[in-house]
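Listing of protein-v9.csv; format and content: CSV, C-alpha atoms.
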```csv
chain,number,residue,atom,x,y,z
A,26,MET,CA,21.5,-7.6,13.3
A,27,LYS,CA,18.4,-8.4,11.3
A,28,GLN,CA,15.6,-5.9,11.7
A,29,ARG,CA,12.4,-7.5,13.1
A,30,PHE,CA,8.7,-6.9,12.7
A,31,LYS,CA,6.3,-7.1,15.6
A,32,LEU,CA,2.5,-6.7,15.1
A,33,GLY,CA,0.0,-5.6,17.6
A,34,VAL,CA,-1.1,-2.1,18.0
A,35,LEU,CA,2.2,-1.1,16.4
A,36,ALA,CA,2.5,-0.4,12.7
A,37,ILE,CA,4.4,-2.2,10.0
A,38,LEU,CA,6.9,0.4,9.1
A,39,GLY,CA,8.3,2.3,6.1
A,40,ALA,CA,11.1,4.8,5.4
A,41,THR,CA,13.3,6.7,3.0
A,42,LEU,CA,16.9,7.9,2.5
A,43,THR,CA,18.5,11.1,3.7
A,44,LEU,CA,21.5,12.8,2.0
A,45,GLY,CA,24.4,14.0,4.1
A,46,LEU,CA,26.5,17.1,3.2
A,47,GLY,CA,29.9,16.1,4.6
A,48,GLY,CA,32.6,18.8,4.8
A,49,CYS,CA,30.2,21.6,3.6
A,50,THR,CA,29.0,24.7,5.3
A,51,VAL,CA,25.5,25.6,4.3
A,52,ASP,CA,23.3,28.5,5.4
A,53,ALA,CA,20.1,26.8,6.5
A,54,LYS,CA,18.1,29.9,5.7
A,55,THR,CA,19.0,29.7,2.0
A,56,VAL,CA,18.2,26.0,1.6
A,57,PRO,CA,14.6,25.4,0.6
A,58,ALA,CA,12.6,22.5,2.0
A,59,PRO,CA,12.9,19.4,-0.3
A,60,ALA,CA,10.1,19.4,-2.9
A,61,LYS,CA,8.2,16.3,-3.6
A,62,PRO,CA,9.4,15.1,-7.0
A,63,LYS,CA,7.1,15.1,-10.0
A,64,THR,CA,6.0,11.7,-10.9
A,65,ASP,CA,5.1,9.7,-14.0
A,66,ARG,CA,1.4,8.9,-13.8
A,67,ALA,CA,1.9,5.8,-16.0
A,68,VAL,CA,4.1,4.4,-13.1
A,69,TYR,CA,2.7,5.9,-9.9
A,70,GLY,CA,-0.8,7.0,-10.6
A,71,SER,CA,-1.7,10.3,-8.8
A,72,HIS,CA,-1.1,11.4,-5.2
A,73,ILE,CA,-4.3,12.2,-3.3
A,74,LYS,CA,-3.6,15.1,-1.0
A,75,LEU,CA,-5.3,14.5,2.4
A,76,THR,CA,-4.8,16.1,5.8
A,77,GLY,CA,-5.3,12.8,7.7
A,78,ALA,CA,-3.4,10.4,5.4
A,79,SER,CA,-0.1,10.9,3.7
A,80,ASN,CA,0.4,7.8,1.5
A,81,ALA,CA,-2.8,7.9,-0.6
A,82,GLN,CA,-2.4,7.2,-4.3
A,83,ASP,CA,-5.1,6.8,-7.0
A,84,LEU,CA,-3.6,4.1,-9.2
A,85,GLY,CA,-5.5,5.3,-12.2
A,86,GLY,CA,-3.2,6.0,-15.2
A,87,ILE,CA,-0.7,3.2,-14.5
A,88,LYS,CA,0.2,1.5,-17.8
A,89,THR,CA,0.1,-2.2,-18.4
A,90,ARG,CA,2.5,-4.2,-20.6
A,91,ASP,CA,0.0,-4.3,-23.5
A,92,GLY,CA,-0.6,-0.5,-23.4
A,93,HIS,CA,-3.8,-0.4,-21.4
A,94,ARG,CA,-4.1,1.9,-18.4
A,95,LEU,CA,-5.8,1.6,-15.0
A,96,LYS,CA,-9.0,3.5,-14.8
A,97,ALA,CA,-9.0,6.6,-12.6
A,98,ARG,CA,-11.0,6.7,-9.3
A,99,ARG,CA,-11.3,3.0,-9.1
A,100,LEU,CA,-8.3,1.7,-7.1
A,101,ILE,CA,-6.8,3.7,-4.2
A,102,ARG,CA,-4.0,2.5,-2.0
A,103,SER,CA,-3.4,4.4,1.3
A,104,ASP,CA,-2.3,4.4,4.9
A,105,GLN,CA,-4.8,4.1,7.7
A,106,LEU,CA,-7.9,6.3,7.6
A,107,GLY,CA,-8.4,7.0,11.3
A,108,LYS,CA,-7.5,10.7,11.1
A,109,LEU,CA,-9.4,11.8,8.1
A,110,THR,CA,-10.9,15.3,8.3
A,111,THR,CA,-14.4,16.2,7.1
A,112,ASN,CA,-12.8,17.7,4.0
A,113,ASP,CA,-10.8,14.5,3.4
A,114,ALA,CA,-13.9,12.4,3.5
A,115,ARG,CA,-15.7,14.8,1.2
A,116,LYS,CA,-12.8,14.7,-1.3
A,117,LEU,CA,-12.7,10.9,-1.3
A,118,THR,CA,-16.5,10.5,-1.8
A,119,VAL,CA,-17.1,13.4,-4.2
A,120,THR,CA,-13.9,13.7,-6.2
A,121,TYR,CA,-12.8,10.0,-6.1
A,122,ARG,CA,-16.2,8.4,-5.7
A,123,LEU,CA,-15.1,6.2,-2.8
A,124,LYS,CA,-17.5,3.3,-2.3
A,125,SER,CA,-15.5,0.7,-0.4
A,126,VAL,CA,-12.6,0.4,2.1
A,127,VAL,CA,-10.5,-2.7,2.6
A,128,ASP,CA,-8.5,-2.9,5.8
A,129,PHE,CA,-5.6,-5.4,5.8
A,130,ARG,CA,-4.7,-4.8,9.5
A,131,SER,CA,-5.3,-7.2,12.3
A,132,SER,CA,-8.4,-7.1,14.5
A,133,ARG,CA,-6.3,-5.7,17.4
A,134,GLU,CA,-4.9,-2.9,15.3
A,135,ILE,CA,-8.4,-2.0,13.9
A,136,GLN,CA,-9.8,-1.9,17.4
A,137,ALA,CA,-7.0,0.4,18.6
A,138,THR,CA,-7.2,2.8,15.7
A,139,PRO,CA,-10.4,2.4,13.8
A,140,ASP,CA,-11.0,4.0,10.4
A,141,ILE,CA,-13.2,7.1,10.3
A,142,LYS,CA,-16.6,5.8,9.1
A,143,ILE,CA,-17.8,7.7,6.0
A,144,ALA,CA,-21.5,7.6,5.0
A,145,ASN,CA,-22.4,5.3,2.2
A,146,VAL,CA,-19.0,3.6,2.2
A,147,THR,CA,-18.8,-0.1,2.8
A,148,TYR,CA,-16.0,-1.4,5.1
A,149,HIS,CA,-14.3,-4.8,4.8
A,150,GLN,CA,-11.9,-6.3,7.3
A,151,ASP,CA,-9.6,-8.5,5.2
A,152,SER,CA,-6.8,-9.0,7.8
A,153,VAL,CA,-3.7,-10.5,6.3
A,154,VAL,CA,-2.1,-11.0,9.7
A,155,GLY,CA,-3.4,-12.3,13.0
A,156,ASN,CA,-3.3,-10.8,16.4
A,157,ASP,CA,-0.8,-13.4,17.5
A,158,TYR,CA,1.6,-12.8,14.6
A,159,GLY,CA,4.6,-12.4,16.8
A,160,THR,CA,8.1,-11.3,15.7
A,161,ARG,CA,9.7,-12.2,12.4
A,162,THR,CA,12.6,-11.0,10.3
A,163,THR,CA,11.5,-8.6,7.5
A,164,LYS,CA,12.0,-11.2,4.9
A,165,ALA,CA,10.0,-13.8,6.8
A,166,PHE,CA,7.2,-11.2,7.4
A,167,TYR,CA,6.9,-10.4,3.7
A,168,GLN,CA,7.1,-14.0,2.6
A,169,GLY,CA,4.4,-14.9,5.1
A,170,LEU,CA,2.1,-12.6,3.3
A,171,VAL,CA,1.9,-15.1,0.4
A,172,THR,CA,2.0,-18.3,2.4
A,173,ASP,CA,0.2,-17.8,5.8
A,174,ARG,CA,-3.4,-19.0,5.8
A,175,VAL,CA,-4.7,-15.7,7.2
A,176,ALA,CA,-2.9,-13.8,4.4
A,177,LEU,CA,-4.3,-16.0,1.7
A,178,ARG,CA,-7.8,-15.7,3.1
A,179,GLY,CA,-7.5,-11.9,3.3
A,180,TYR,CA,-6.1,-11.2,-0.2
A,181,SER,CA,-8.6,-13.7,-1.7
A,182,ALA,CA,-11.5,-11.8,-0.1
A,183,PHE,CA,-9.9,-8.6,-1.4
A,184,PHE,CA,-10.1,-9.8,-5.0
A,185,ASN,CA,-13.6,-11.1,-4.6
A,186,GLN,CA,-14.7,-7.6,-3.4
A,187,LEU,CA,-12.9,-5.9,-6.3
A,188,LEU,CA,-14.8,-8.1,-8.7
A,189,LYS,CA,-18.1,-7.1,-7.1
A,190,GLN,CA,-17.3,-3.4,-7.2
A,191,LYS,CA,-18.7,-2.4,-10.5
A,192,MET,CA,-18.6,1.3,-10.0
A,193,GLY,CA,-16.7,3.7,-7.7
A,194,ALA,CA,-13.4,3.5,-5.9
A,195,THR,CA,-12.0,1.0,-3.4
A,196,ASP,CA,-9.4,2.2,-0.9
A,197,PHE,CA,-7.2,-0.7,0.4
A,198,HIS,CA,-4.8,0.0,3.2
A,199,CYS,CA,-2.9,-1.1,6.3
A,200,THR,CA,-1.2,1.2,8.8
A,201,TYR,CA,1.4,3.1,6.7
A,202,GLY,CA,0.2,1.8,3.4
A,203,LYS,CA,3.5,0.3,2.4
A,204,ASP,CA,4.0,-3.4,3.4
A,205,ARG,CA,0.7,-5.2,3.5
A,206,THR,CA,-0.8,-2.7,1.2
A,207,GLY,CA,2.4,-2.9,-1.0
A,208,VAL,CA,1.9,-6.6,-1.5
A,209,GLY,CA,-1.8,-6.1,-2.1
A,210,ALA,CA,-1.0,-3.5,-4.8
A,211,MET,CA,1.7,-5.9,-6.3
A,212,LEU,CA,-0.9,-8.6,-6.6
A,213,VAL,CA,-3.6,-6.4,-8.2
A,214,LEU,CA,-1.2,-4.8,-10.6
A,215,SER,CA,0.2,-8.2,-11.6
A,216,ALA,CA,-3.3,-9.5,-12.2
A,217,LEU,CA,-4.0,-6.5,-14.4
A,218,GLY,CA,-0.9,-7.0,-16.5
A,219,VAL,CA,1.5,-4.4,-15.1
A,220,SER,CA,5.2,-5.1,-15.5
A,221,LYS,CA,7.4,-6.1,-12.5
A,222,GLN,CA,9.5,-3.0,-13.1
A,223,THR,CA,6.6,-0.7,-12.8
A,224,ILE,CA,5.2,-2.5,-9.8
A,225,MET,CA,8.6,-2.2,-8.0
A,226,LYS,CA,8.8,1.6,-8.7
A,227,ASN,CA,5.2,2.0,-7.5
A,228,TYR,CA,6.0,0.0,-4.3
A,229,LEU,CA,9.1,2.1,-3.5
A,230,TYR,CA,7.2,5.3,-3.9
A,231,SER,CA,5.7,4.9,-0.4
A,232,ASN,CA,9.1,6.2,0.8
A,233,VAL,CA,8.5,9.5,-1.0
A,234,ASN,CA,5.0,9.9,0.3
A,235,LEU,CA,5.9,9.1,3.9
A,236,ALA,CA,8.8,11.5,3.8
A,237,GLN,CA,6.4,14.3,3.5
A,238,ASP,CA,4.4,13.3,6.6
A,239,PRO,CA,5.2,15.7,9.5
A,240,HIS,CA,4.5,12.9,12.0
A,241,ILE,CA,6.9,10.4,10.5
A,242,THR,CA,10.7,10.1,10.6
A,243,PHE,CA,12.9,7.2,9.5
A,244,VAL,CA,14.7,4.7,11.7
A,245,GLY,CA,18.4,5.5,11.9
A,246,GLN,CA,18.0,9.0,10.5
A,247,PRO,CA,18.0,12.4,12.3
A,248,VAL,CA,14.7,14.1,12.6
A,249,PRO,CA,14.4,16.8,9.9
A,250,LYS,CA,13.7,20.3,11.0
A,251,GLY,CA,10.0,21.1,11.0
A,252,LYS,CA,8.9,17.6,12.0
A,253,ALA,CA,6.4,17.3,14.8
A,254,LYS,CA,8.0,16.7,18.1
A,255,GLN,CA,4.9,15.0,19.5
A,256,ASP,CA,3.2,11.9,18.1
A,257,LEU,CA,6.3,11.2,16.0
A,258,HIS,CA,6.5,7.7,14.5
A,259,HIS,CA,9.8,6.1,13.6
A,260,VAL,CA,9.4,3.8,10.6
A,261,GLN,CA,11.5,1.6,8.4
A,262,ARG,CA,11.7,2.4,4.7
A,263,VAL,CA,10.6,-0.1,2.1
A,264,LYS,CA,13.3,-1.7,0.2
A,265,ARG,CA,13.6,-3.5,-3.2
A,266,ALA,CA,14.7,-6.7,-1.3
A,267,ASN,CA,11.4,-6.9,0.5
A,268,LEU,CA,9.3,-7.3,-2.7
A,269,ASP,CA,12.0,-9.4,-4.3
A,270,ALA,CA,11.5,-11.8,-1.4
A,271,VAL,CA,7.8,-12.1,-2.1
A,272,TYR,CA,8.4,-12.8,-5.8
A,273,GLN,CA,11.0,-15.4,-4.7
A,274,ARG,CA,8.6,-17.2,-2.4
A,275,ILE,CA,5.8,-17.2,-4.9
A,276,ASP,CA,8.0,-18.8,-7.5
A,277,GLN,CA,9.3,-21.4,-4.9
A,278,ARG,CA,5.9,-22.3,-3.5
A,279,TYR,CA,3.5,-21.9,-6.4
A,280,GLY,CA,5.7,-21.9,-9.5
A,281,SER,CA,4.5,-18.6,-10.9
A,282,MET,CA,2.5,-15.5,-10.2
A,283,ALA,CA,-0.3,-16.9,-12.4
A,284,ASN,CA,-0.5,-20.0,-10.3
A,285,PHE,CA,-0.5,-17.9,-7.1
A,286,LEU,CA,-3.4,-15.8,-8.4
A,287,LYS,CA,-5.3,-19.0,-9.1
A,288,ARG,CA,-4.6,-20.0,-5.5
A,289,LEU,CA,-6.3,-16.8,-4.4
A,290,GLY,CA,-9.3,-17.8,-6.5
A,291,LEU,CA,-8.5,-15.5,-9.4
A,292,THR,CA,-9.2,-17.9,-12.3
A,293,PRO,CA,-8.4,-16.8,-15.9
A,294,LYS,CA,-12.1,-16.0,-16.3
A,295,LYS,CA,-12.1,-13.8,-13.2
A,296,GLN,CA,-8.8,-12.2,-14.2
A,297,ALA,CA,-10.4,-11.2,-17.5
A,298,GLN,CA,-13.4,-9.8,-15.6
A,299,LEU,CA,-11.0,-7.8,-13.4
A,300,LYS,CA,-9.3,-6.3,-16.4
A,301,GLN,CA,-12.6,-5.4,-17.9
A,302,LEU,CA,-13.6,-3.6,-14.7
A,303,TYR,CA,-10.4,-1.7,-14.0
A,304,LEU,CA,-8.6,-1.1,-17.3
A,305,THR,CA,-9.4,1.4,-20.0
A,306,LYS,CA,-10.5,-0.1,-23.3
```
In structure tokens, write the structure found in this file.
Amino acid sequence: MKQRFKLGVLAILGATLTLGLGGCTVDAKTVPAPAKPKTDRAVYGSHIKLTGASNAQDLGGIKTRDGHRLKARRLIRSDQLGKLTTNDARKLTVTYRLKSVVDFRSSREIQATPDIKIANVTYHQDSVVGNDYGTRTTKAFYQGLVTDRVALRGYSAFFNQLLKQKMGATDFHCTYGKDRTGVGAMLVLSALGVSKQTIMKNYLYSNVNLAQDPHITFVGQPVPKGKAKQDLHHVQRVKRANLDAVYQRIDQRYGSMANFLKRLGLTPKKQAQLKQLYLTK
């Protein structure tokens, strides 16, 4: 049976794998909790540890094909910001110089769980799905993010805002920071000259971040010990096939990623400006 996506107040979902130990007897007291693996900053950027958001990454440090790197404290991808603490807000504004937030969620989702408003931070609603999105297969959902009118309008506005943001960081997000945000990151990293291999690894890393969230477990997997019993969200993990479907539709509909970026209004001149703003010299 094909998994299906339904948007409303619900979230678009993400997940990860679990490893079974068949035929073995293990003393649970001697088994440490799984540690979050160390990561290569040139591929993943840096994780931002927040109490109210688990899938926040500063994309600074990611390496492009020609050897440049994304500037730190300029581009942040994350899950929704509705549960940020005062300390979280301070960290984002003081340490990461947050100036702008871009929300890819629908109006209905935003009304149901609005972001925490932070002083001196500008908020943009760049919805890439509508309230009446309905139910689609995962593949159709992802491919709609590069063909539906609302998605094209939202991602185009996103690029325009990035071009206007001369200083400070922009945080772009959806609900869990993996699907709509994953495609947004794919587009930005593509425009900045990052390889498809690096983009894919970066996209799949949401599974690692979300696995650490005490309020998230993954569809079809047992709930790990220590996970919250209340307010527990069951989410699907992101898969390589999801992003492959987006690349496939871009090639089919527009001929190339370069052509699609132009469709979003990112002309070669604007792409050069984007690189000047967000890449190290």
Give me, please, the distance in Å between atom CA of Ile135 of chain A and atom CA of Arg161 of chain A, quoted to one decimal. 20.8 Å
Report as JSON lines: every residue of segment 203-226 of chain A with an atom at most 8 Å from segment 80-96 of chain A, its closest pair of atoms, and their distance in Å to one decimal, counting only C-alpha atoms, with rows sorted by chain and ascending residue number.
```
{"residue": "A:Leu217", "atom": "CA", "partner": "A:Thr89", "partner_atom": "CA", "distance": 7.2}
{"residue": "A:Gly218", "atom": "CA", "partner": "A:Thr89", "partner_atom": "CA", "distance": 5.3}
{"residue": "A:Val219", "atom": "CA", "partner": "A:Thr89", "partner_atom": "CA", "distance": 4.2}
{"residue": "A:Ser220", "atom": "CA", "partner": "A:Arg90", "partner_atom": "CA", "distance": 5.8}
```
Using only C-alpha atoms, please write the residues we just selected to a file, as a compact mmCIF listing (two decimals), in the coordinates of the input.
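Contents of part-v4.txt, freshly written:
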```
# COMPACT_ATOMS: atom_id res chain seq x y z
CA LEU A 217 -4.00 -6.50 -14.40
CA GLY A 218 -0.90 -7.00 -16.50
CA VAL A 219 1.50 -4.40 -15.10
CA SER A 220 5.20 -5.10 -15.50
```
Could you list as a count of residues only every residue that has an atom within 12 Å of (-17.4, -8.3, -7.2), using the file's coordinates and counting all atoms listed in the file? 21
So how many Å separate atom CA of Glu134 of chain A and atom CA of Ala210 of chain A, to one decimal?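 If I compute the distance from atom CA of Glu134 of chain A to atom CA of Ala210 of chain A, I get 20.5 Å.
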When distances are computed from all atoms listed in the file, which of A:Ala137, A:Leu235, A:Val153, A:Val146 shows the smallest separation from Val119 of chain A?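 The answer is A:Val146, which sits nearest to Val119 of chain A.
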Neighbour list for Asp140 of chain A as a short mmCIF file (atom, residue, chain, number, x, y, z; two decimals) with C-alpha atoms, keeping the file's coordinate frame, cut-off 12 Å, all atoms listed in the file, skip fewer than 3 positions in-chain:
```cif
data_model
loop_
_atom_site.label_atom_id
_atom_site.label_comp_id
_atom_site.auth_asym_id
_atom_site.auth_seq_id
_atom_site.Cartn_x
_atom_site.Cartn_y
_atom_site.Cartn_z
CA GLY A 77 -5.30 12.80 7.70
CA ALA A 78 -3.40 10.40 5.40
CA SER A 103 -3.40 4.40 1.30
CA ASP A 104 -2.30 4.40 4.90
CA GLN A 105 -4.80 4.10 7.70
CA LEU A 106 -7.90 6.30 7.60
CA GLY A 107 -8.40 7.00 11.30
CA LYS A 108 -7.50 10.70 11.10
CA LEU A 109 -9.40 11.80 8.10
CA THR A 110 -10.90 15.30 8.30
CA ALA A 114 -13.90 12.40 3.50
CA VAL A 126 -12.60 0.40 2.10
CA VAL A 127 -10.50 -2.70 2.60
CA ASP A 128 -8.50 -2.90 5.80
CA PHE A 129 -5.60 -5.40 5.80
CA ARG A 130 -4.70 -4.80 9.50
CA GLU A 134 -4.90 -2.90 15.30
CA ILE A 135 -8.40 -2.00 13.90
CA GLN A 136 -9.80 -1.90 17.40
CA ALA A 137 -7.00 0.40 18.60
CA ILE A 143 -17.80 7.70 6.00
CA VAL A 146 -19.00 3.60 2.20
CA THR A 147 -18.80 -0.10 2.80
CA TYR A 148 -16.00 -1.40 5.10
CA HIS A 149 -14.30 -4.80 4.80
CA GLN A 150 -11.90 -6.30 7.30
CA ASP A 196 -9.40 2.20 -0.90
CA PHE A 197 -7.20 -0.70 0.40
CA HIS A 198 -4.80 0.00 3.20
CA CYS A 199 -2.90 -1.10 6.30
CA THR A 200 -1.20 1.20 8.80
#
```
Nearest to Tyr180 of chain A, chosen from A:Lys142, A:Arg278, A:Lys306, A:Arg205, with all atoms listed in the file counted in the distances: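 Nearest candidate to Tyr180 of chain A out of A:Lys142, A:Arg278, A:Lys306, A:Arg205: A:Arg205.
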Do you have the atom CA of Thr172 of chain A-atom CA of Asp276 of chain A distance handy?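 Going from atom CA of Thr172 of chain A over to atom CA of Asp276 of chain A covers 11.6 Å.
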Between A:Val175, A:Ile275, A:Ser131, A:Gln168, smallest distance to Asn156 of chain A by only C-alpha atoms belongs to A:Ser131
Which residue gives the smallest distance to Leu100 of chain A among A:Ser79, A:Ser71, A:Asn267, A:Ser281, with only C-alpha atoms counted?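 Among the listed residues, the smallest separation from Leu100 of chain A belongs to A:Ser71.
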Given the choices A:Thr223, A:Thr163, A:Thr120, A:Thr76, which gets closest to Val271 of chain A if the distance is worked out from all atoms listed in the file?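 The closest residue to Val271 of chain A is A:Thr163.
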